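Peer 1: Below is protein20.pdb; it holds PDB, C-alpha atoms and all ligand atoms.
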MODEL        1
ATOM      1  CA  MET W   1      -6.319 -17.991 -31.099
ATOM      2  CA  LYS W   2      -3.422 -16.989 -28.897
ATOM      3  CA  GLU W   3      -3.426 -16.900 -25.151
ATOM      4  CA  ILE W   4      -1.554 -14.559 -22.869
ATOM      5  CA  ASN W   5      -0.983 -15.729 -19.319
ATOM      6  CA  LEU W   6      -0.296 -13.225 -16.609
ATOM      7  CA  THR W   7       1.214 -14.471 -13.382
ATOM      8  CA  THR W   8       1.918 -12.755 -10.091
ATOM      9  CA  LYS W   9       4.483 -14.060  -7.659
ATOM     10  CA  ILE W  10       3.814 -13.256  -4.036
ATOM     11  CA  ALA W  11       6.437 -13.892  -1.386
ATOM     12  CA  VAL W  12       4.995 -14.685   2.035
ATOM     13  CA  TYR W  13       7.255 -13.697   4.900
ATOM     14  CA  LEU W  14       7.113 -14.067   8.644
ATOM     15  CA  LEU W  15       7.821 -10.805  10.449
ATOM     16  CA  GLU W  16      11.174 -12.091  11.689
ATOM     17  CA  GLU W  17      12.234 -12.769   8.097
ATOM     18  CA  CYS W  18      11.807  -9.114   7.108
ATOM     19  CA  SER W  19      14.673  -6.629   7.084
ATOM     20  CA  GLU W  20      14.971  -4.145   9.957
ATOM     21  CA  VAL W  21      13.639  -1.274   7.843
ATOM     22  CA  GLU W  22      10.728  -3.408   6.640
ATOM     23  CA  LYS W  23       9.892  -4.335  10.235
ATOM     24  CA  LYS W  24       9.913  -0.638  11.112
ATOM     25  CA  LEU W  25       7.665   0.134   8.137
ATOM     26  CA  ILE W  26       5.196  -2.578   9.122
ATOM     27  CA  GLU W  27       5.185  -1.387  12.746
ATOM     28  CA  SER W  28       4.448   2.163  11.523
ATOM     29  CA  ALA W  29       1.513   0.906   9.420
ATOM     30  CA  LYS W  30       0.163  -1.111  12.363
ATOM     31  CA  SER W  31       0.519   1.830  14.719
ATOM     32  CA  ALA W  32      -1.221   4.175  12.237
ATOM     33  CA  THR W  33      -4.400   2.053  12.472
ATOM     34  CA  THR W  34      -4.943   3.495  15.962
ATOM     35  CA  LYS W  35      -5.325   6.990  14.489
ATOM     36  CA  ALA W  36      -7.662   6.028  11.615
ATOM     37  CA  TYR W  37     -10.949   7.884  11.298
ATOM     38  CA  ALA W  38     -13.304   4.998  10.531
ATOM     39  CA  PRO W  39     -16.551   5.595  12.449
ATOM     40  CA  TYR W  40     -18.685   4.100   9.656
ATOM     41  CA  SER W  41     -16.870   0.885   8.784
ATOM     42  CA  GLN W  42     -14.940   0.349  12.032
ATOM     43  CA  PHE W  43     -12.287  -0.997   9.679
ATOM     44  CA  ARG W  44      -9.088   0.793  10.621
ATOM     45  CA  VAL W  45      -6.439   0.692   7.931
ATOM     46  CA  GLY W  46      -2.893   1.930   8.450
ATOM     47  CA  ALA W  47      -0.257   2.530   5.806
ATOM     48  CA  ALA W  48       3.386   3.556   5.944
ATOM     49  CA  VAL W  49       5.492   4.748   3.041
ATOM     50  CA  LEU W  50       9.283   4.425   2.928
ATOM     51  CA  LEU W  51      11.047   7.144   0.944
ATOM     52  CA  GLU W  52      14.484   7.047  -0.637
ATOM     53  CA  ASN W  53      15.907   9.338   2.070
ATOM     54  CA  GLY W  54      14.818   6.817   4.729
ATOM     55  CA  GLU W  55      11.876   8.922   5.891
ATOM     56  CA  ILE W  56       8.804   6.917   6.907
ATOM     57  CA  ILE W  57       5.427   8.605   6.462
ATOM     58  CA  ALA W  58       2.394   6.985   8.092
ATOM     59  CA  GLY W  59      -1.303   7.544   7.512
ATOM     60  CA  ASN W  60      -4.687   5.881   7.662
ATOM     61  CA  ASN W  61      -8.187   5.821   6.217
ATOM     62  CA  GLN W  62     -10.263   8.967   6.613
ATOM     63  CA  GLU W  63     -13.977   8.307   6.290
ATOM     64  CA  ASN W  64     -16.810  10.733   5.683
ATOM     65  CA  ALA W  65     -20.574  10.787   6.332
ATOM     66  CA  ALA W  66     -20.859  11.175   2.563
ATOM     67  CA  TYR W  67     -19.175   7.799   2.093
ATOM     68  CA  PRO W  68     -17.442   8.286  -1.282
ATOM     69  CA  SER W  69     -15.746  11.441   0.010
ATOM     70  CA  GLY W  70     -13.610   9.372   2.380
ATOM     71  CA  LEU W  71     -10.163   8.165   1.401
ATOM     72  CA  CYS W  72      -8.275   4.901   1.860
ATOM     73  CA  ALA W  73      -5.162   4.707   4.020
ATOM     74  CA  GLU W  74      -2.862   4.063   1.068
ATOM     75  CA  ARG W  75      -3.878   7.177  -0.852
ATOM     76  CA  THR W  76      -4.010   9.403   2.233
ATOM     77  CA  THR W  77      -0.475   8.341   3.108
ATOM     78  CA  LEU W  78       1.010   8.384  -0.369
ATOM     79  CA  PHE W  79      -0.431  11.802  -1.217
ATOM     80  CA  PHE W  80       0.901  13.213   2.050
ATOM     81  CA  ALA W  81       4.329  11.686   1.378
ATOM     82  CA  ASN W  82       4.427  13.084  -2.175
ATOM     83  CA  ALA W  83       3.134  16.467  -1.019
ATOM     84  CA  SER W  84       5.788  16.677   1.703
ATOM     85  CA  PHE W  85       8.713  15.194  -0.254
ATOM     86  CA  PRO W  86       7.951  15.684  -3.968
ATOM     87  CA  ASP W  87      11.485  14.733  -5.051
ATOM     88  CA  GLN W  88      11.853  11.546  -3.033
ATOM     89  CA  LYS W  89      11.363   8.190  -4.675
ATOM     90  CA  VAL W  90       8.836   5.960  -2.975
ATOM     91  CA  ARG W  91      10.590   2.710  -2.100
ATOM     92  CA  ALA W  92       7.867   0.747  -0.345
ATOM     93  CA  ILE W  93       4.487   0.838   1.324
ATOM     94  CA  ALA W  94       3.231  -1.358   4.167
ATOM     95  CA  ILE W  95      -0.463  -1.862   4.892
ATOM     96  CA  ALA W  96      -2.224  -3.285   7.955
ATOM     97  CA  ALA W  97      -5.833  -3.329   9.142
ATOM     98  CA  TRP W  98      -7.477  -3.539  12.565
ATOM     99  CA  HIS W  99     -11.025  -4.848  12.836
ATOM    100  CA  ASP W 100     -13.119  -6.411  15.608
ATOM    101  CA  GLY W 101     -10.426  -5.746  18.202
ATOM    102  CA  LYS W 102      -7.509  -7.321  16.355
ATOM    103  CA  PHE W 103      -5.317  -7.145  13.287
ATOM    104  CA  THR W 104      -6.891  -8.989  10.383
ATOM    105  CA  HIS W 105      -6.139 -12.688  10.207
ATOM    106  CA  ASP W 106      -5.745 -12.451   6.443
ATOM    107  CA  VAL W 107      -3.874  -9.742   4.566
ATOM    108  CA  ILE W 108      -5.750  -6.783   3.199
ATOM    109  CA  THR W 109      -4.774  -5.780  -0.293
ATOM    110  CA  PRO W 110      -5.002  -2.275  -1.793
ATOM    111  CA  CYS W 111      -8.237  -1.475  -3.629
ATOM    112  CA  GLY W 112      -8.184  -0.807  -7.376
ATOM    113  CA  ALA W 113      -8.120   2.977  -7.044
ATOM    114  CA  CYS W 114      -5.183   2.794  -4.617
ATOM    115  CA  ARG W 115      -3.307   0.480  -6.962
ATOM    116  CA  GLN W 116      -3.711   3.040  -9.732
ATOM    117  CA  VAL W 117      -2.394   5.830  -7.484
ATOM    118  CA  LEU W 118       0.486   3.641  -6.318
ATOM    119  CA  LEU W 119       1.321   2.911  -9.954
ATOM    120  CA  GLU W 120       1.685   6.645 -10.575
ATOM    121  CA  ALA W 121       4.335   6.821  -7.824
ATOM    122  CA  GLU W 122       6.166   3.954  -9.487
ATOM    123  CA  ASN W 123       6.035   5.574 -12.933
ATOM    124  CA  ARG W 124       6.700   9.098 -11.713
ATOM    125  CA  PHE W 125      10.003   8.143 -10.092
ATOM    126  CA  HIS W 126      10.872   5.350 -12.573
ATOM    127  CA  SER W 127      11.402   3.051  -9.646
ATOM    128  CA  PRO W 128       9.456   0.068  -8.317
ATOM    129  CA  VAL W 129       7.382   0.441  -5.158
ATOM    130  CA  LYS W 130       7.432  -2.678  -3.009
ATOM    131  CA  ILE W 131       4.134  -3.521  -1.329
ATOM    132  CA  LEU W 132       4.057  -5.280   2.045
ATOM    133  CA  MET W 133       0.631  -6.485   3.136
ATOM    134  CA  TYR W 134       0.524  -7.379   6.795
ATOM    135  CA  SER W 135      -1.542 -10.054   8.498
ATOM    136  CA  GLU W 136      -1.171 -11.981  11.726
ATOM    137  CA  GLU W 137      -0.416 -15.088   9.657
ATOM    138  CA  GLY W 138       2.222 -13.701   7.342
ATOM    139  CA  ILE W 139       3.230 -10.781   5.196
ATOM    140  CA  TYR W 140       2.549 -10.804   1.472
ATOM    141  CA  VAL W 141       5.287  -9.019  -0.434
ATOM    142  CA  VAL W 142       5.212  -8.022  -4.080
ATOM    143  CA  PRO W 143       8.230  -6.239  -5.543
ATOM    144  CA  ALA W 144       6.323  -3.690  -7.631
ATOM    145  CA  VAL W 145       2.873  -2.168  -8.037
ATOM    146  CA  ARG W 146       2.616  -3.390 -11.609
ATOM    147  CA  ASP W 147       2.573  -6.933 -10.224
ATOM    148  CA  LEU W 148      -0.722  -6.107  -8.530
ATOM    149  CA  LEU W 149      -2.106  -4.260 -11.519
ATOM    150  CA  PRO W 150      -1.544  -6.182 -14.721
ATOM    151  CA  LEU W 151      -2.582  -4.487 -17.969
ATOM    152  CA  SER W 152      -2.519  -1.190 -16.152
ATOM    153  CA  PHE W 153      -3.051   2.229 -17.652
ATOM    154  CA  GLY W 154      -0.004   4.417 -17.102
ATOM    155  CA  ASP W 155       1.543   7.525 -18.616
ATOM    156  CA  GLU W 156       3.113   5.494 -21.440
ATOM    157  CA  MET W 157      -0.383   4.797 -22.789
ATOM    158  CA  LEU W 158      -0.885   8.505 -23.394
ATOM    159  CA  LYS W 159       1.972   8.400 -25.915
ATOM    160  CA  ARG W 160       0.458   5.652 -28.064
TER     161      ARG W 160
HETATM  162  N1  LIG W 201      -9.775   0.851   3.001
HETATM  163  C1  LIG W 201      -8.493   1.279   3.013
HETATM  164  O1  LIG W 201      -8.146   2.260   3.688
HETATM  165  N2  LIG W 201      -7.600   0.597   2.264
HETATM  166  C2  LIG W 201      -7.856  -0.525   1.548
HETATM  167  O2  LIG W 201      -6.967  -1.077   0.930
HETATM  168  C3  LIG W 201      -9.217  -1.044   1.522
HETATM  169  C4  LIG W 201     -10.241  -0.272   2.242
HETATM  170  C5  LIG W 201     -10.739   1.570   3.838
HETATM  171  C6  LIG W 201     -11.801   2.338   3.115
HETATM  172  C7  LIG W 201     -12.888   2.413   4.162
HETATM  173  O3  LIG W 201     -12.597   3.506   5.033
HETATM  174  C8  LIG W 201     -12.723   1.132   4.951
HETATM  175  O4  LIG W 201     -11.423   0.655   4.661
HETATM  176  C9  LIG W 201     -13.744   0.068   4.600
HETATM  177  O5  LIG W 201     -13.779  -0.167   3.239
ENDMDL
END
Write out the structure in this file as structure tokens.
Ligand code: THU

Peer 2:
Amino acid sequence: MKEINLTTKIAVYLLEECSEVEKKLIESAKSATTKAYAPYSQFRVGAAVLLENGEIIAGNNQENAAYPSGLCAERTTLFFANASFPDQKVRAIAIAAWHDGKFTHDVITPCGACRQVLLEAENRFHSPVKILMYSEEGIYVVPAVRDLLPLSFGDEMLKR
């Protein structure tokens, strides 16, 4: 029997340790929580995508009375960014969530479906997408989506 160990390194930053553009990205994600449409969960998620041309696109979760028809902040934002700038590499995405009158104490991490969609952006542009997960305590940073989605299914699998 052989064993394969998969490890994920997460850097935890304080806001003041982030670069200026990262701070701006995080602020955009935080600000986007105020425009979320989350009447059912009251869990307001904001996301902000940084493109290669420096453009920052912000978005949030959009819920629906038919619950599964709603969409997470990450996918809403990424799809809008890709639809608006189809030729721009996605450099990074920041995520923040507002609940019970404050930003979450602990980070919120992208759901499985959002990780899969984020992976497509990484593969499509052959370039890693950094993920910054905001919390009041610290910011989790992973350098690429594949770090959050080990053994993922990507376009290369279709060629096997
Ligand atoms: N949600 C996001 O927008 N992003 C995540 O990473 C996790 C969950 C949304 C979906 C739903 O509108 C609400 O948060 C509660 O699950």

Peer 1: Considering only C-alpha atoms, can you say which of W:Cys72, W:Tyr140, W:Gln88, W:Lys9 comes closest to Glu55 of chain W?

Peer 2: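 Result for the nearest residue to Glu55 of chain W: W:Gln88.
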
Peer 1: Mind working out the centre and edge lengths of an axis-aligned box for ligand LIG 201 (chain W), all listed atoms inside, 3 Å added to each side, rounded to one decimal in Å and written as JSON?

Peer 2:
{"center_x": -10.4, "center_y": 1.2, "center_z": 3.0, "size_x": 12.8, "size_y": 10.6, "size_z": 10.1}

Peer 1: Using only C-alpha atoms, what residues lie at most 12 Å away from (-5.9, 8.3, -2.7) (file coordinates), given as an MDAnalysis selection string?

Peer 2: chainID W and resid 47 59:62 68:82 110:121

Peer 1: I'd like the neighbourhood of segment 99-104 of chain W as an MDAnalysis selection string, where a residue qualifies if any of its atoms comes within 10 Å (using all atoms listed in the file), though same-chain residues fewer than 5 positions away should be ignored.

Peer 2: chainID W and resid 30 33 41:45 134:137

Peer 1: Report, in Å with one decimal, the straight-line distance from atom CA of Ala29 of chain W to atom CA of Ala48 of chain W.

Peer 2: 4.8 Å

Peer 1: List, as a ChimeraX atom specification, every residue that the PyMOL selection byres (((chain W and resi 122-129) around 12) and not hetatm) selects in the file provided.

Peer 2: /W:49-52,78,82,86-94,115-121,130-132,141-149,152-157

Peer 1: With all atoms listed in the file as the atoms that count, which of W:Leu151, W:Ala32, W:Ile139, W:Ile95 lies nearest to Ala11 of chain W?

Peer 2: W:Ile139

Peer 1: Could you list, as a PyMOL selection string, every residue within 7 Å of Ile108 of chain W, counting all atoms listed in the file and ignoring same-chain residues fewer than 6 positions away?

Peer 2: chain W and resi 96-97+133

Peer 1: Pull C-alpha atoms from the residues just selected and write them as a compact mmCIF listing (two decimals), in the coordinates of the input.

Peer 2:
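part-v1.txt, freshly written:
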# COMPACT_ATOMS: atom_id res chain seq x y z
CA ALA W 96 -2.22 -3.28 7.96
CA ALA W 97 -5.83 -3.33 9.14
CA MET W 133 0.63 -6.48 3.14
